[in-house]
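Visitor: So that we are looking at the same thing, I have put the structure below in structure tokens.
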Amino acid sequence: MRSEIRAKINGRVWRVVLTPARAMGKDWGRCDHPPGRHPTIQVRRSLKGVNLLDTIVHEVLHAARPELDEQAVDTTARCIAKALHAMGYRRQV
């Protein structure tokens with residue numbers, strides 16, 4: 001997996017960036033709210049397995065459905081990430 005991709009989310013092109021832990025503080029992920037001129041999602045690069053999937057899905061959900069509250073995003077992301085992980089989806093280095 002590259003350290004940065006571009007993805008169209010909710011009609012806009014977003015940067016999705018794997019970011020070093022030292023730049024993330026305690027956060028596992030961040031999503032621009034509201035999105036600015038160059039909307040960006042950051043995900044902690046050191047995450048592995050289901051935690052990486054969960055964080056990517058969680059932040060993409062924030063971008064795609066900004067009206068959802070944190071609990072709805074968290075619950076939905078966890079379900080999707082567990083299903084993808086069970087089906088064998090993993091980060092390709």
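Chain labels A, B, ... are given in the sequence in which chains occur in the structure tokens; within each chain residues are numbered consecutively from 1, and ligands are likewise numbered from 1 in the order shown.
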Give me every alpha helix (DSSP H) residue in segment 4-92 of chain A, going by DSSP on the backbone, as a PyMOL selection string.
Guide: chain A and resi 21-24+49-64+70-86
Visitor: Can you tell me, as a CSV table (one decimal) with all heavy atoms, in the first residue's frame, what residues are no more than 12 Å from Arg6 of chain A when counting only C-alpha atoms, ignoring any on the same chain fewer than 5 positions away?
Guide:
```csv
chain,number,residue,atom,x,y,z
A,12,ARG,N,-16.1,14.6,-3.8
A,12,ARG,CA,-14.9,15.4,-3.7
A,12,ARG,C,-13.7,14.5,-3.7
A,12,ARG,O,-13.8,13.4,-3.2
A,12,ARG,CB,-14.8,16.3,-2.4
A,12,ARG,CG,-15.9,17.3,-2.4
A,12,ARG,CD,-15.7,18.3,-1.4
A,12,ARG,NE,-14.5,19.1,-1.7
A,12,ARG,CZ,-14.0,20.0,-0.8
A,12,ARG,NH1,-14.7,20.2,0.3
A,12,ARG,NH2,-12.9,20.6,-1.1
A,13,VAL,N,-12.5,14.9,-4.2
A,13,VAL,CA,-11.3,14.1,-4.1
A,13,VAL,C,-10.6,14.4,-2.8
A,13,VAL,O,-10.3,15.6,-2.5
A,13,VAL,CB,-10.4,14.5,-5.3
A,13,VAL,CG1,-9.1,13.7,-5.2
A,13,VAL,CG2,-11.1,14.1,-6.6
A,14,TRP,N,-10.4,13.3,-2.1
A,14,TRP,CA,-9.7,13.4,-0.8
A,14,TRP,C,-8.3,12.8,-0.9
A,14,TRP,O,-8.1,11.8,-1.6
A,14,TRP,CB,-10.5,12.7,0.3
A,14,TRP,CG,-11.8,13.3,0.7
A,14,TRP,CD1,-12.9,13.5,0.0
A,14,TRP,CD2,-12.0,13.9,2.0
A,14,TRP,NE1,-13.9,14.2,0.7
A,14,TRP,CE2,-13.3,14.4,2.0
A,14,TRP,CE3,-11.3,14.0,3.2
A,14,TRP,CZ2,-13.9,15.0,3.1
A,14,TRP,CZ3,-11.8,14.7,4.3
A,14,TRP,CH2,-13.1,15.2,4.2
A,15,ARG,N,-7.4,13.3,-0.1
A,15,ARG,CA,-6.1,12.7,0.1
A,15,ARG,C,-6.2,11.8,1.3
A,15,ARG,O,-6.8,12.2,2.3
A,15,ARG,CB,-5.0,13.7,0.4
A,15,ARG,CG,-4.6,14.5,-0.8
A,15,ARG,CD,-3.6,15.6,-0.4
A,15,ARG,NE,-2.4,15.0,0.2
A,15,ARG,CZ,-1.9,15.5,1.4
A,15,ARG,NH1,-2.4,16.5,2.0
A,15,ARG,NH2,-0.8,15.0,1.9
A,16,VAL,N,-5.8,10.5,1.2
A,16,VAL,CA,-5.8,9.6,2.3
A,16,VAL,C,-4.3,9.3,2.5
A,16,VAL,O,-3.7,8.7,1.7
A,16,VAL,CB,-6.6,8.3,2.1
A,16,VAL,CG1,-6.6,7.4,3.3
A,16,VAL,CG2,-8.0,8.7,1.7
A,17,VAL,N,-3.8,9.7,3.7
A,17,VAL,CA,-2.3,9.7,3.9
A,17,VAL,C,-2.0,8.8,5.2
A,17,VAL,O,-2.6,9.0,6.2
A,17,VAL,CB,-1.8,11.1,4.2
A,17,VAL,CG1,-0.3,11.1,4.4
A,17,VAL,CG2,-2.2,12.0,3.1
A,18,LEU,N,-1.1,7.9,5.0
A,18,LEU,CA,-0.6,7.1,6.1
A,18,LEU,C,0.5,8.0,6.8
A,18,LEU,O,1.5,8.3,6.1
A,18,LEU,CB,0.0,5.8,5.7
A,18,LEU,CG,-1.0,4.8,5.1
A,18,LEU,CD1,-0.3,3.5,4.7
A,18,LEU,CD2,-2.1,4.5,6.2
A,38,HIS,N,-8.2,21.3,0.2
A,38,HIS,CA,-7.6,20.0,-0.1
A,38,HIS,C,-7.9,19.0,1.0
A,38,HIS,O,-7.1,18.8,1.9
A,38,HIS,CB,-6.1,20.2,-0.2
A,38,HIS,CG,-5.6,21.2,-1.2
A,38,HIS,ND1,-5.7,20.9,-2.6
A,38,HIS,CD2,-5.2,22.4,-1.1
A,38,HIS,CE1,-5.3,22.0,-3.3
A,38,HIS,NE2,-4.9,22.9,-2.4
A,39,PRO,N,-9.1,18.5,1.0
A,39,PRO,CA,-9.6,17.6,2.1
A,39,PRO,C,-8.6,16.4,2.3
A,39,PRO,O,-8.2,15.8,1.3
A,39,PRO,CB,-11.0,17.1,1.7
A,39,PRO,CG,-11.2,17.6,0.3
A,39,PRO,CD,-10.1,18.5,-0.1
A,40,THR,N,-8.3,16.1,3.5
A,40,THR,CA,-7.3,15.1,3.9
A,40,THR,C,-7.8,14.2,5.0
A,40,THR,O,-8.4,14.7,6.0
A,40,THR,CB,-6.0,15.8,4.3
A,40,THR,OG1,-5.5,16.6,3.2
A,40,THR,CG2,-4.9,14.7,4.6
A,41,ILE,N,-7.5,12.9,4.8
A,41,ILE,CA,-7.7,12.0,5.9
A,41,ILE,C,-6.3,11.5,6.2
A,41,ILE,O,-5.6,11.1,5.3
A,41,ILE,CB,-8.6,10.8,5.4
A,41,ILE,CG1,-10.0,11.3,5.2
A,41,ILE,CG2,-8.5,9.6,6.4
A,41,ILE,CD1,-11.0,10.2,4.6
A,42,GLN,N,-6.0,11.5,7.5
A,42,GLN,CA,-4.7,10.9,8.0
A,42,GLN,C,-5.0,9.7,8.8
A,42,GLN,O,-5.9,9.7,9.6
A,42,GLN,CB,-4.0,11.9,8.9
A,42,GLN,CG,-3.5,13.1,8.1
A,42,GLN,CD,-2.8,14.1,9.1
A,42,GLN,OE1,-3.5,14.7,9.9
A,42,GLN,NE2,-1.5,14.2,9.0
A,60,VAL,N,-13.1,7.4,6.6
A,60,VAL,CA,-13.8,7.6,5.3
A,60,VAL,C,-15.3,7.8,5.6
A,60,VAL,O,-16.0,8.6,4.9
A,60,VAL,CB,-13.5,6.4,4.4
A,60,VAL,CG1,-14.5,6.4,3.2
A,60,VAL,CG2,-12.1,6.4,3.9
```
Visitor: If you count only C-alpha atoms, which residues fall within 12 Å of Leu68 of chain A, apart from same-chain ones fewer than 6 positions away, as number ranges by chain?
Guide: A: 58-62, 74-77
Visitor: Please identify all polymer residues within 12 Å of Ser46 of chain A, counting only C-alpha atoms, omitting same-chain residues fewer than 6 positions from it, and present them as a PyMOL selection string.
Guide: chain A and resi 3+18-24+27-29+52+55+91+93
Visitor: Please compute the atom CA of Ala86 of chain A-atom CA of Asp54 of chain A distance, one decimal, in Å.
Guide: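 These atoms are spaced 12.4 Å apart.
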Visitor: Compare A:Val50, A:Val43, A:Ile80, A:Ala63 by their minimum atom-to-atom distance to Lys8 of chain A, counting only C-alpha atoms, and give me the closest one.
Guide: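 Of A:Val50, A:Val43, A:Ile80, A:Ala63, the one nearest Lys8 of chain A is A:Ala63, counting only C-alpha atoms.
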Visitor: Name the residues of chain A that fall into strand (DSSP E or B) according to DSSP on the backbone, using the chain letters and numbers of this document, as a list in words.
Guide: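 Residues meeting the strand (DSSP E or B) criterion: Glu4, Ile5, Arg6, Ala7, Lys8, Ile9, Arg12, Val13, Trp14, Arg15, Val16, Val17, Leu18, Thr19, Gly29, Arg30, Cys31, Thr40, Ile41, Gln42, Val43 and Arg44 of chain A.
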Visitor: Just give me the gap between atom CA of Gly11 of chain A and atom CA of Gly25 of chain A in Å, one decimal is fine.
Guide: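 Those two atoms sit 29.7 Å apart.
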Visitor: Pick out the closest residue to Ile56 of chain A from this set: A:Arg37, A:Ala81, A:Gly88, A:Ala7. Count only C-alpha atoms.
Guide: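 Smallest distance to Ile56 of chain A is found for A:Ala81.
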Visitor: Pick the closest to Asp32 of chain A from A:Ala64, A:Arg78, A:Gln92, A:Glu4: which is it, counting only C-alpha atoms?
Guide: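 Among the listed residues, A:Ala64 lies closest to Asp32 of chain A.
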